Structure formats: C-alpha cells, structure tokens
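Student: Input structure: entry-v6.csv, which contains CSV, C-alpha atoms and all ligand atoms.
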```csv
chain,number,residue,atom,x,y,z
Q,1,MET,CA,16.5,-20.3,-1.8
Q,2,SER,CA,14.8,-16.9,-2.3
Q,3,GLU,CA,13.9,-14.6,0.5
Q,4,PHE,CA,10.2,-15.3,0.7
Q,5,SER,CA,9.9,-18.8,-0.8
Q,6,GLY,CA,7.2,-20.9,0.8
Q,7,GLN,CA,5.3,-17.8,1.9
Q,8,VAL,CA,2.1,-16.3,0.7
Q,9,ALA,CA,1.7,-12.5,0.3
Q,10,VAL,CA,-1.5,-10.6,-0.1
Q,11,ILE,CA,-1.1,-7.1,-1.7
Q,12,THR,CA,-4.1,-4.8,-1.9
Q,13,GLY,CA,-4.1,-2.2,-4.7
Q,14,ALA,CA,-1.7,-4.6,-6.5
Q,15,ALA,CA,-2.5,-3.2,-9.9
Q,16,GLY,CA,-1.5,0.3,-9.1
Q,17,ALA,CA,2.0,1.7,-9.7
Q,18,ILE,CA,3.4,1.0,-6.2
Q,19,GLY,CA,1.3,-2.1,-5.7
Q,20,ALA,CA,2.5,-3.7,-9.0
Q,21,ALA,CA,6.2,-2.9,-8.3
Q,22,THR,CA,5.8,-4.4,-4.8
Q,23,THR,CA,4.0,-7.5,-6.1
Q,24,ARG,CA,6.6,-8.1,-8.8
Q,25,LEU,CA,9.4,-7.8,-6.3
Q,26,LEU,CA,7.9,-10.1,-3.7
Q,27,ALA,CA,7.1,-12.7,-6.5
Q,28,ALA,CA,10.7,-12.4,-7.7
Q,29,GLN,CA,11.8,-13.2,-4.2
Q,30,GLY,CA,9.8,-16.4,-4.2
Q,31,ALA,CA,6.5,-15.4,-2.5
Q,32,ALA,CA,3.2,-16.7,-3.9
Q,33,VAL,CA,1.3,-13.5,-4.4
Q,34,ALA,CA,-2.4,-12.7,-4.2
Q,35,LEU,CA,-3.3,-9.5,-6.1
Q,36,LEU,CA,-6.4,-7.8,-4.5
Q,37,ASP,CA,-7.7,-4.9,-6.6
Q,38,LEU,CA,-10.9,-3.7,-8.2
Q,39,PRO,CA,-12.4,-5.8,-11.0
Q,40,ALA,CA,-11.5,-3.3,-13.7
Q,41,SER,CA,-7.9,-3.2,-12.8
Q,42,ARG,CA,-4.9,-4.7,-14.5
Q,43,ALA,CA,-4.3,-7.3,-11.7
Q,44,ASP,CA,-5.1,-10.2,-14.1
Q,45,ASP,CA,-2.3,-9.1,-16.5
Q,46,ILE,CA,0.2,-8.7,-13.8
Q,47,ALA,CA,-0.6,-12.1,-12.2
Q,48,GLY,CA,-0.4,-13.7,-15.7
Q,49,GLU,CA,3.0,-12.2,-16.3
Q,50,ILE,CA,4.3,-13.6,-12.9
Q,51,VAL,CA,2.9,-17.0,-13.7
Q,52,ALA,CA,4.5,-16.9,-17.1
Q,53,GLN,CA,7.8,-16.4,-15.4
Q,54,GLY,CA,7.3,-19.4,-13.2
Q,55,GLY,CA,5.8,-17.7,-10.1
Q,56,ARG,CA,2.6,-18.4,-8.2
Q,57,ALA,CA,0.0,-15.6,-8.5
Q,58,ARG,CA,-3.7,-15.1,-8.3
Q,59,ALA,CA,-5.7,-12.0,-9.1
Q,60,ILE,CA,-8.7,-11.8,-6.9
Q,61,PRO,CA,-11.1,-8.9,-7.8
Q,62,THR,CA,-11.9,-7.3,-4.4
Q,63,ASP,CA,-13.3,-4.0,-3.2
Q,64,VAL,CA,-11.4,-3.6,0.1
Q,65,GLN,CA,-14.2,-1.5,1.6
Q,66,GLN,CA,-16.5,-4.5,1.7
Q,67,GLU,CA,-16.0,-6.9,4.6
Q,68,SER,CA,-17.7,-9.8,2.8
Q,69,ALA,CA,-15.5,-9.4,-0.3
Q,70,VAL,CA,-12.3,-9.2,1.8
Q,71,ALA,CA,-13.3,-12.2,3.9
Q,72,ALA,CA,-14.1,-14.2,0.7
Q,73,ALA,CA,-10.8,-13.1,-1.0
Q,74,VAL,CA,-8.7,-14.1,2.0
Q,75,ALA,CA,-10.5,-17.5,2.2
Q,76,GLN,CA,-9.8,-18.0,-1.5
Q,77,VAL,CA,-6.1,-17.1,-1.0
Q,78,ALA,CA,-5.8,-19.6,1.8
Q,79,ALA,CA,-7.5,-22.4,-0.2
Q,80,GLU,CA,-5.6,-21.8,-3.5
Q,81,LEU,CA,-2.2,-20.5,-2.5
Q,82,GLY,CA,-1.9,-21.3,1.2
Q,83,PRO,CA,-2.4,-19.3,4.4
Q,84,PRO,CA,-1.0,-15.8,4.0
Q,85,THR,CA,1.7,-14.6,6.4
Q,86,LEU,CA,2.7,-11.5,4.5
Q,87,LEU,CA,0.4,-8.5,3.9
Q,88,VAL,CA,0.9,-5.2,2.1
Q,89,THR,CA,-1.9,-2.7,2.1
Q,90,VAL,CA,-1.5,-0.3,-0.8
Q,91,ALA,CA,-5.1,0.4,-2.1
Q,92,ALA,CA,-6.1,4.0,-1.7
Q,93,ILE,CA,-8.0,6.8,-3.4
Q,94,ASN,CA,-7.7,10.5,-3.2
Q,95,ILE,CA,-10.6,13.0,-3.3
Q,96,THR,CA,-9.7,16.6,-2.7
Q,97,GLY,CA,-11.8,19.7,-2.0
Q,98,ALA,CA,-12.3,22.7,0.2
Q,99,VAL,CA,-13.7,21.7,3.6
Q,100,GLU,CA,-16.9,23.8,3.2
Q,101,THR,CA,-17.9,22.3,-0.1
Q,102,LEU,CA,-16.6,18.7,0.4
Q,103,ARG,CA,-19.4,16.3,0.1
Q,104,VAL,CA,-20.0,14.0,3.0
Q,105,GLU,CA,-20.3,11.0,0.6
Q,106,ASP,CA,-16.7,11.8,-0.6
Q,107,TRP,CA,-15.4,12.1,2.9
Q,108,ASP,CA,-17.0,8.7,3.8
Q,109,SER,CA,-15.6,7.1,0.6
Q,110,MET,CA,-12.1,8.2,1.6
Q,111,MET,CA,-12.4,6.8,5.0
Q,112,ALA,CA,-14.0,3.5,3.7
Q,113,VAL,CA,-11.3,2.8,1.1
Q,114,ASN,CA,-8.2,4.3,2.8
Q,115,VAL,CA,-8.9,3.4,6.4
Q,116,ARG,CA,-11.5,0.6,6.6
Q,117,GLY,CA,-9.9,-0.9,3.5
Q,118,VAL,CA,-6.6,-1.2,5.5
Q,119,PHE,CA,-8.3,-2.5,8.7
Q,120,LEU,CA,-10.3,-5.3,6.9
Q,121,PRO,CA,-7.5,-7.2,5.2
Q,122,ILE,CA,-5.5,-7.1,8.5
Q,123,LYS,CA,-8.6,-8.3,10.5
Q,124,HIS,CA,-9.1,-11.3,8.1
Q,125,ILE,CA,-5.4,-12.2,7.6
Q,126,VAL,CA,-4.2,-12.0,11.2
Q,127,PRO,CA,-5.9,-15.2,12.2
Q,128,HIS,CA,-3.9,-17.0,9.5
Q,129,MET,CA,-0.7,-15.4,10.8
Q,130,GLN,CA,-1.6,-16.4,14.4
Q,131,ALA,CA,-2.1,-20.0,13.3
Q,132,ALA,CA,1.2,-19.9,11.5
Q,133,GLY,CA,3.1,-18.5,14.5
Q,134,GLY,CA,3.8,-15.1,13.1
Q,135,GLY,CA,3.7,-12.8,10.1
Q,136,ALA,CA,4.6,-9.3,8.8
Q,137,ILE,CA,2.4,-6.5,7.6
Q,138,VAL,CA,3.4,-3.2,5.8
Q,139,ASN,CA,0.9,-0.4,5.4
Q,140,MET,CA,1.6,2.0,2.6
Q,141,CYS,CA,1.3,5.4,4.1
Q,142,SER,CA,2.8,8.8,3.1
Q,143,VAL,CA,4.6,11.9,4.3
Q,144,SER,CA,1.0,13.2,4.2
Q,145,ALA,CA,0.5,11.7,7.6
Q,146,PHE,CA,2.9,14.3,9.0
Q,147,VAL,CA,2.2,17.4,7.0
Q,148,GLY,CA,-1.0,19.1,5.7
Q,149,SER,CA,-2.1,20.6,2.4
Q,150,SER,CA,-4.9,23.0,1.4
Q,151,GLY,CA,-7.7,20.9,0.0
Q,152,GLY,CA,-6.1,17.7,1.0
Q,153,ALA,CA,-7.7,17.2,4.4
Q,154,PRO,CA,-9.4,13.9,3.6
Q,155,TYR,CA,-6.3,12.3,2.3
Q,156,HIS,CA,-4.0,13.5,5.0
Q,157,THR,CA,-6.5,12.4,7.6
Q,158,THR,CA,-6.6,8.9,6.2
Q,159,ARG,CA,-2.8,8.7,6.1
Q,160,GLY,CA,-2.6,9.8,9.8
Q,161,ALA,CA,-5.2,7.2,10.7
Q,162,VAL,CA,-3.2,4.4,9.0
Q,163,LEU,CA,-0.1,5.5,11.0
Q,164,SER,CA,-2.0,5.3,14.3
Q,165,LEU,CA,-3.5,2.0,13.3
Q,166,THR,CA,0.0,0.7,12.6
Q,167,ARG,CA,1.3,1.8,16.0
Q,168,SER,CA,-1.6,0.4,18.0
Q,169,LEU,CA,-1.7,-3.0,16.2
Q,170,ALA,CA,2.1,-3.3,16.5
Q,171,GLN,CA,1.6,-3.4,20.3
Q,172,GLU,CA,-1.4,-5.6,20.1
Q,173,LEU,CA,0.1,-8.2,17.7
Q,174,ALA,CA,3.7,-8.3,19.0
Q,175,PRO,CA,3.1,-11.1,21.5
Q,176,GLN,CA,1.9,-13.2,18.5
Q,177,HIS,CA,5.1,-12.5,16.6
Q,178,ILE,CA,3.3,-10.4,14.0
Q,179,ARG,CA,5.2,-7.2,13.0
Q,180,ILE,CA,3.5,-4.2,11.4
Q,181,ASN,CA,5.2,-1.2,10.0
Q,182,ALA,CA,4.5,1.7,7.6
Q,183,VAL,CA,6.3,3.1,4.6
Q,184,CYS,CA,6.0,6.8,4.0
Q,185,PRO,CA,7.0,8.0,0.5
Q,186,GLY,CA,7.1,11.6,-0.6
Q,187,TRP,CA,6.0,12.2,-4.2
Q,188,VAL,CA,6.3,9.0,-6.4
Q,189,ALA,CA,6.6,9.2,-10.2
Q,190,THR,CA,3.6,7.2,-11.3
Q,191,PRO,CA,1.2,7.5,-14.2
Q,192,PHE,CA,-1.4,8.9,-11.7
Q,193,THR,CA,1.1,11.6,-10.5
Q,194,ASP,CA,1.9,12.4,-14.2
Q,195,ALA,CA,-1.8,12.7,-15.1
Q,196,TYR,CA,-2.3,15.0,-12.2
Q,197,ILE,CA,0.7,17.2,-13.0
Q,198,ASN,CA,-0.3,17.3,-16.7
Q,199,SER,CA,-3.8,18.4,-15.8
Q,200,GLN,CA,-2.6,21.5,-14.0
Q,201,PRO,CA,-2.2,24.9,-15.8
Q,202,ASP,CA,1.7,24.8,-15.8
Q,203,PRO,CA,2.8,21.2,-15.7
Q,204,ALA,CA,6.5,22.0,-16.1
Q,205,ALA,CA,6.5,24.4,-13.2
Q,206,LEU,CA,4.6,22.0,-11.0
Q,207,ARG,CA,6.9,19.1,-11.8
Q,208,ALA,CA,9.9,21.3,-10.8
Q,209,TYR,CA,8.2,22.4,-7.6
Q,210,ALA,CA,7.3,18.8,-6.7
Q,211,SER,CA,10.8,17.6,-7.3
Q,212,GLY,CA,12.2,20.5,-5.3
Q,213,LEU,CA,10.2,19.5,-2.3
Q,214,HIS,CA,12.7,16.6,-1.9
Q,215,ALA,CA,16.3,17.2,-0.9
Q,216,LEU,CA,17.3,14.8,-3.7
Q,217,ASN,CA,15.3,17.1,-6.1
Q,218,ARG,CA,13.3,14.3,-7.8
Q,219,MET,CA,10.4,12.0,-7.1
Q,220,ALA,CA,10.8,8.3,-6.0
Q,221,THR,CA,10.3,5.5,-8.4
Q,222,PRO,CA,7.7,2.8,-7.4
Q,223,GLN,CA,10.6,0.3,-7.3
Q,224,GLU,CA,12.4,2.4,-4.6
Q,225,VAL,CA,9.3,2.3,-2.5
Q,226,ALA,CA,8.8,-1.5,-3.0
Q,227,GLU,CA,12.4,-2.1,-1.8
Q,228,ALA,CA,11.5,-0.7,1.6
Q,229,VAL,CA,8.4,-2.9,1.8
Q,230,ARG,CA,10.5,-5.9,0.9
Q,231,TRP,CA,13.0,-5.1,3.7
Q,232,LEU,CA,10.3,-4.5,6.3
Q,233,LEU,CA,8.6,-7.8,5.5
Q,234,SER,CA,11.9,-9.8,5.6
Q,235,PRO,CA,13.6,-11.3,8.7
Q,236,LEU,CA,16.3,-8.6,8.2
Q,237,ALA,CA,13.8,-6.2,9.8
Q,238,GLY,CA,13.0,-8.7,12.6
Q,239,PHE,CA,13.3,-6.1,15.3
Q,240,CYS,CA,11.2,-3.4,13.6
Q,241,THR,CA,7.6,-3.0,14.5
Q,242,GLY,CA,5.3,0.0,14.9
Q,243,SER,CA,7.7,2.1,13.0
Q,244,GLU,CA,7.7,4.0,9.7
Q,245,ILE,CA,10.3,4.3,7.1
Q,246,PHE,CA,10.5,7.4,5.0
Q,247,VAL,CA,11.3,6.8,1.3
Q,248,ASP,CA,11.0,10.5,0.7
Q,249,GLY,CA,14.3,11.8,-0.7
Q,250,GLY,CA,14.7,14.1,2.2
Q,251,PHE,CA,11.2,15.6,2.0
Q,252,MET,CA,10.7,15.6,5.8
Q,253,ILE,CA,14.1,17.2,6.6
Q,254,LYS,CA,13.2,20.2,4.4
Q,255,ARG,CA,10.1,21.0,6.5
Q,301,LIG,N1,1.8,8.1,-5.8
Q,301,LIG,C1,2.4,8.8,-4.9
Q,301,LIG,O1,3.0,9.9,-5.2
Q,301,LIG,C2,2.3,8.4,-3.5
Q,301,LIG,C3,3.0,9.1,-2.5
Q,301,LIG,C4,2.9,8.7,-1.2
Q,301,LIG,C5,2.1,7.7,-0.8
Q,301,LIG,N2,1.4,7.0,-1.7
Q,301,LIG,C6,0.6,5.9,-1.3
Q,301,LIG,O2,0.7,4.8,-2.2
Q,301,LIG,C7,-0.5,4.1,-2.3
Q,301,LIG,C8,-0.9,3.8,-3.8
Q,301,LIG,O3,-0.3,4.8,-4.6
Q,301,LIG,P1,-0.2,4.5,-6.1
Q,301,LIG,O4,0.5,5.7,-6.6
Q,301,LIG,O5,0.3,3.2,-6.5
Q,301,LIG,O6,-1.7,4.7,-6.6
Q,301,LIG,P2,-2.5,4.0,-7.8
Q,301,LIG,O7,-3.7,4.8,-8.0
Q,301,LIG,O8,-1.6,3.7,-8.9
Q,301,LIG,O9,-2.9,2.6,-7.1
Q,301,LIG,C9,-3.9,2.4,-6.2
Q,301,LIG,C10,-4.6,1.1,-6.5
Q,301,LIG,O10,-5.6,0.9,-5.5
Q,301,LIG,C11,-6.7,0.3,-6.2
Q,301,LIG,N3,-8.0,0.6,-5.5
Q,301,LIG,C12,-8.6,1.8,-5.3
Q,301,LIG,N4,-9.7,1.6,-4.6
Q,301,LIG,C13,-9.8,0.3,-4.3
Q,301,LIG,C14,-10.8,-0.5,-3.6
Q,301,LIG,N5,-11.9,0.0,-3.1
Q,301,LIG,N6,-10.5,-1.8,-3.5
Q,301,LIG,C15,-9.4,-2.4,-4.0
Q,301,LIG,N7,-8.5,-1.7,-4.7
Q,301,LIG,C16,-8.7,-0.4,-4.8
Q,301,LIG,C17,-6.7,1.0,-7.6
Q,301,LIG,O11,-7.5,0.2,-8.5
Q,301,LIG,C18,-5.2,1.0,-7.9
Q,301,LIG,O12,-4.8,-0.1,-8.6
Q,301,LIG,C19,-1.5,4.8,-1.5
Q,301,LIG,O13,-1.6,4.2,-0.2
Q,301,LIG,C20,-0.9,6.2,-1.3
Q,301,LIG,O14,-1.3,6.8,-0.1
Q,301,LIG,C21,1.5,7.3,-3.1
```
Would you mind giving the structure from this file in structure tokens?
Ligand SMILES: NC(=O)c1ccc[n+]([C@@H]2O[C@H](COP(=O)([O-])OP(=O)(O)OC[C@H]3O[C@@H](n4cnc5c(N)ncnc54)[C@H](O)[C@@H]3O)[C@@H](O)[C@H]2O)c1

Tutor:
Amino acid sequence: MSEFSGQVAVITGAAGAIGAATTRLLAAQGAAVALLDLPASRADDIAGEIVAQGGRARAIPTDVQQESAVAAAVAQVAAELGPPTLLVTVAAINITGAVETLRVEDWDSMMAVNVRGVFLPIKHIVPHMQAAGGGAIVNMCSVSAFVGSSGGAPYHTTRGAVLSLTRSLAQELAPQHIRINAVCPGWVATPFTDAYINSQPDPAALRAYASGLHALNRMATPQEVAEAVRWLLSPLAGFCTGSEIFVDGGFMIKR
C-alpha cells in the first residue's frame, strides 16, 4: 500500500514548478489530488497525466484570493474525491519595487494572494480534517522569511506572515491532531527563476551569484522541495508541528 492511499490532498499553485512536482509525488504515493490553480494554468494537463497513469486527480480552477471560489473548490473536492485531510499551499506571486514607488494595489495583491490565499484554503479545509479526526498541512514558505532584499519587501513580508500563521495555527490545531509546518527553500531552479535570470543584464554572472548563495553552490530542484513536503505530510513526521524545514543547500548557514 502506498504512503497516502485513501487520502485526499489539495495543492494550491499546483501547476507551478514546485506545486506540480509536489502534486505528482503525492499522487505517485497514492493520494487523490485536487489541483487548485488559476484558470489559465496547466493544471488540467497535469491532472490528465496523473489520471492516465491510474491516479485520481481533479483540476479545479480557483483564485485563492477569493473566499467564495475557495469554498466552492473545497466543496467540489469533498464531493468528487472525498474529504481532504492533506493540504499544501504553494500558490504565490512576486511583485518587486522600491518602497517609495510601490503601488498600494500591488502591495494589496501580494497580501491577498500570498497571505489571504494561504489562510482561506486552511480555513475551509480544516473542518474536513476535524471531522476526519486529524490532518496535515504544509505551507510553502522561503528563506525570504528570514532575510531581506532591496526591492523585495512585499515578498519577504508575505513569507514572514506565512511563517507566523504556521506557528500560531500549529498551537491552535494541535488538540485536533492537525499538524502544520512550513518548507523554506533557497533559490529553486524553475522556469520562472530562469526567465528572471535571463531577463537581467548579465545572466551568467547572476546565475553564478545565485548558486553561490548556497553552501552546495547550486539551486534546488522542485523535486527536492517536494520530498520535504511529502515527509512532513506523512506519519514519519508525526511529532513535527509548527516547525520549518530548510531545503536551502546551506543558504541560511552562510548568512
Ligand atoms: N522558485 C523559487 O526559487 C522559490 C524559492 C523559495 C520559495 N518559493 C516558494 O514556492 C512557491 C511557488 O514557487 P514556484 O517557483 O513553483 O512558482 P510558480 O510561479 O512556478 O508557481 C506558482 C503557481 O501559483 C499559481 N497562482 C498564482 N496566483 C494564484 C492565485 N491567485 N490563485 C491560484 N493560483 C495562483 C500560478 O498560476 C502558478 O502555477 C511560492 O510559495 C514561493 O514563495 C519559490
């Protein structure tokens, strides 16, 4: 029997690099997976691929900022796949800018997607976990919760907020056997990271600099990040709650 067979997992941002790697891994371990991502995303293709391999998957177009959309998506998951007892929140955006020119609309979007969009799936899935007698949640966070960067204040602020949310809810939900932890990657080699690096004046120099920020002198793969999520969701991590795991190649020890 596979690690998560009989369980239903919801993954937000499931069509992104880390979300897709996590979704595929949980499905390979027997979970029925619900892929919550924006309508224009590749979530349908990934769900189709999992179903073709004999798994159970549904792509449910959802904007995680919208409470009505999240509530409807969770109700659909419960009706079509079963009550969810695993949740991974990965959906996030990044808008950068100097503090004096940053638009309030952009600040608010960052908070709406990256913080409210983590709170809402938890709010609507926890009742299913309570009814089932327990569950496990992983919030995708970042080393950015611990360090700052010029122009990156909105993103760093949202990652710090997610870490604090994780710690508070771990206390609140522990009596109901619901564990909640965070995974903090350093730089991850994804198409988005590549596009950003290639858009800069000296991509080769930036790539070398970014790799060198990590003691292991490279970026993580999405699969390496997904493996930490898998472990935290599993009973092997049964005594972990309110904690964070760094999948950062030694980024933090170089600070
Ligand atoms: N890529 C990195 O280097 C890196 C490093 C550290 C932490 N992280 C964390 O990993 C997570 C995702 O990273 P990624 O590299 O996979 O990014 P990505 O851009 O590939 O994926 C993000 C996904 O979220 C979805 N999304 C965005 N807004 C949404 C909304 N309103 N509703 C629903 N879905 C929405 C996007 O469509 C996309 O599929 C983030 O939480 C980020 O903080 C990434």

Student: Mind running chain Q against ligand LIG 301 (chain Q) at 6 Å and telling me each contacting residue's nearest atom pair with the distance in Å (one decimal), counting only C-alpha atoms and all ligand atoms, chain and number ascending, as JSON lines?

Tutor:
```
{"residue": "Q:Gly13", "atom": "CA", "partner": "Q:LIG301", "partner_atom": "O10", "distance": 3.5}
{"residue": "Q:Ala14", "atom": "CA", "partner": "Q:LIG301", "partner_atom": "O12", "distance": 5.9}
{"residue": "Q:Ala15", "atom": "CA", "partner": "Q:LIG301", "partner_atom": "O12", "distance": 4.1}
{"residue": "Q:Gly16", "atom": "CA", "partner": "Q:LIG301", "partner_atom": "O9", "distance": 3.4}
{"residue": "Q:Ala17", "atom": "CA", "partner": "Q:LIG301", "partner_atom": "O5", "distance": 3.9}
{"residue": "Q:Ile18", "atom": "CA", "partner": "Q:LIG301", "partner_atom": "O5", "distance": 3.8}
{"residue": "Q:Gly19", "atom": "CA", "partner": "Q:LIG301", "partner_atom": "O5", "distance": 5.5}
{"residue": "Q:Asp37", "atom": "CA", "partner": "Q:LIG301", "partner_atom": "N7", "distance": 3.8}
{"residue": "Q:Leu38", "atom": "CA", "partner": "Q:LIG301", "partner_atom": "C15", "distance": 4.6}
{"residue": "Q:Ser41", "atom": "CA", "partner": "Q:LIG301", "partner_atom": "O11", "distance": 5.5}
{"residue": "Q:Thr62", "atom": "CA", "partner": "Q:LIG301", "partner_atom": "C15", "distance": 5.5}
{"residue": "Q:Asp63", "atom": "CA", "partner": "Q:LIG301", "partner_atom": "N6", "distance": 3.6}
{"residue": "Q:Val64", "atom": "CA", "partner": "Q:LIG301", "partner_atom": "N6", "distance": 4.1}
{"residue": "Q:Gln65", "atom": "CA", "partner": "Q:LIG301", "partner_atom": "N5", "distance": 5.4}
{"residue": "Q:Val90", "atom": "CA", "partner": "Q:LIG301", "partner_atom": "O13", "distance": 4.5}
{"residue": "Q:Ala91", "atom": "CA", "partner": "Q:LIG301", "partner_atom": "O10", "distance": 3.5}
{"residue": "Q:Ala92", "atom": "CA", "partner": "Q:LIG301", "partner_atom": "C19", "distance": 4.7}
{"residue": "Q:Ile93", "atom": "CA", "partner": "Q:LIG301", "partner_atom": "C12", "distance": 5.4}
{"residue": "Q:Val113", "atom": "CA", "partner": "Q:LIG301", "partner_atom": "N5", "distance": 5.1}
{"residue": "Q:Met140", "atom": "CA", "partner": "Q:LIG301", "partner_atom": "O13", "distance": 4.8}
{"residue": "Q:Cys141", "atom": "CA", "partner": "Q:LIG301", "partner_atom": "O14", "distance": 5.1}
{"residue": "Q:Ser142", "atom": "CA", "partner": "Q:LIG301", "partner_atom": "C5", "distance": 4.1}
{"residue": "Q:Pro185", "atom": "CA", "partner": "Q:LIG301", "partner_atom": "C4", "distance": 4.5}
{"residue": "Q:Gly186", "atom": "CA", "partner": "Q:LIG301", "partner_atom": "C4", "distance": 5.1}
{"residue": "Q:Trp187", "atom": "CA", "partner": "Q:LIG301", "partner_atom": "O1", "distance": 3.9}
{"residue": "Q:Val188", "atom": "CA", "partner": "Q:LIG301", "partner_atom": "O1", "distance": 3.6}
{"residue": "Q:Thr190", "atom": "CA", "partner": "Q:LIG301", "partner_atom": "O4", "distance": 5.8}
{"residue": "Q:Phe192", "atom": "CA", "partner": "Q:LIG301", "partner_atom": "O8", "distance": 5.9}
{"residue": "Q:Thr193", "atom": "CA", "partner": "Q:LIG301", "partner_atom": "O1", "distance": 5.9}
```

Student: Write out the residues from the selection above, keeping C-alpha atoms, as a short mmCIF file (atom, residue, chain, number, x, y, z; two decimals), in the frame of the given file.

Tutor:
```cif
data_model
loop_
_atom_site.label_atom_id
_atom_site.label_comp_id
_atom_site.auth_asym_id
_atom_site.auth_seq_id
_atom_site.Cartn_x
_atom_site.Cartn_y
_atom_site.Cartn_z
CA GLY Q 13 -4.10 -2.20 -4.70
CA ALA Q 14 -1.70 -4.60 -6.50
CA ALA Q 15 -2.50 -3.20 -9.90
CA GLY Q 16 -1.50 0.30 -9.10
CA ALA Q 17 2.00 1.70 -9.70
CA ILE Q 18 3.40 1.00 -6.20
CA GLY Q 19 1.30 -2.10 -5.70
CA ASP Q 37 -7.70 -4.90 -6.60
CA LEU Q 38 -10.90 -3.70 -8.20
CA SER Q 41 -7.90 -3.20 -12.80
CA THR Q 62 -11.90 -7.30 -4.40
CA ASP Q 63 -13.30 -4.00 -3.20
CA VAL Q 64 -11.40 -3.60 0.10
CA GLN Q 65 -14.20 -1.50 1.60
CA VAL Q 90 -1.50 -0.30 -0.80
CA ALA Q 91 -5.10 0.40 -2.10
CA ALA Q 92 -6.10 4.00 -1.70
CA ILE Q 93 -8.00 6.80 -3.40
CA VAL Q 113 -11.30 2.80 1.10
CA MET Q 140 1.60 2.00 2.60
CA CYS Q 141 1.30 5.40 4.10
CA SER Q 142 2.80 8.80 3.10
CA PRO Q 185 7.00 8.00 0.50
CA GLY Q 186 7.10 11.60 -0.60
CA TRP Q 187 6.00 12.20 -4.20
CA VAL Q 188 6.30 9.00 -6.40
CA THR Q 190 3.60 7.20 -11.30
CA PHE Q 192 -1.40 8.90 -11.70
CA THR Q 193 1.10 11.60 -10.50
#
```

Student: Choose the residue, out of Q:Gly55, Q:Pro127, Q:Gly135, Q:Pro61, that has the smallest atom-to-atom separation from Arg179 (chain Q); count all atoms listed in the file.

Tutor: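 The closest residue to Arg179 (chain Q) is Q:Gly135.
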
Student: Which residues come within 12 Å of Asn217 (chain Q), counting all atoms listed in the file, excluding same-chain residues fewer than 2 positions away, as a VMD selection string?

Tutor: chain Q and resid 186 to 187 207 to 215 219 to 220 248 to 251 254

Student: Which residue is closest to Arg255 (chain Q)? Choose from Q:Ala73, Q:Ala27, Q:Val143, Q:Val225 and count only C-alpha atoms.

Tutor: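 Looking at the shortest contact to Arg255 (chain Q), the residue is Q:Val143.
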
Student: Which distance in Å separates CA of Lys123 (chain Q) and CA of Arg103 (chain Q), to one decimal?

Tutor: 28.8 Å

Student: Find the distance between CA of Gly54 (chain Q) and CA of Ala228 (chain Q) and write it in Å to one decimal.

Tutor: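 Atom-to-atom, CA of Gly54 (chain Q) and CA of Ala228 (chain Q) are spaced 24.2 Å apart.
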
Student: Excluding Val162 (chain Q) and its own-chain neighbours fewer than 2 positions away, which residues fall within 8 Å of it when counting only C-alpha atoms? Please give them as a count of residues only.

Tutor: 11

Student: Figure out the distance between CA of Gly97 (chain Q) and CA of Ile11 (chain Q), please, to one decimal in Å.

Tutor: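 Going from CA of Ile11 (chain Q) over to CA of Gly97 (chain Q) covers 28.9 Å.
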
Student: Select from region 165-212 of chain Q every residue with an atom at most 12 Å from any atom of region 80-86 of chain Q, then for each give the shortest pair of atoms and their distance in Å to one decimal, using only C-alpha atoms, rows by chain and rising number, as CSV.

Tutor:
```
residue,atom,partner,partner_atom,distance
Q:His177,CA,Q:Thr85,CA,11.0
Q:Ile178,CA,Q:Thr85,CA,8.8
Q:Arg179,CA,Q:Leu86,CA,9.8
Q:Ile180,CA,Q:Leu86,CA,10.1
Q:Asn181,CA,Q:Leu86,CA,11.9
```
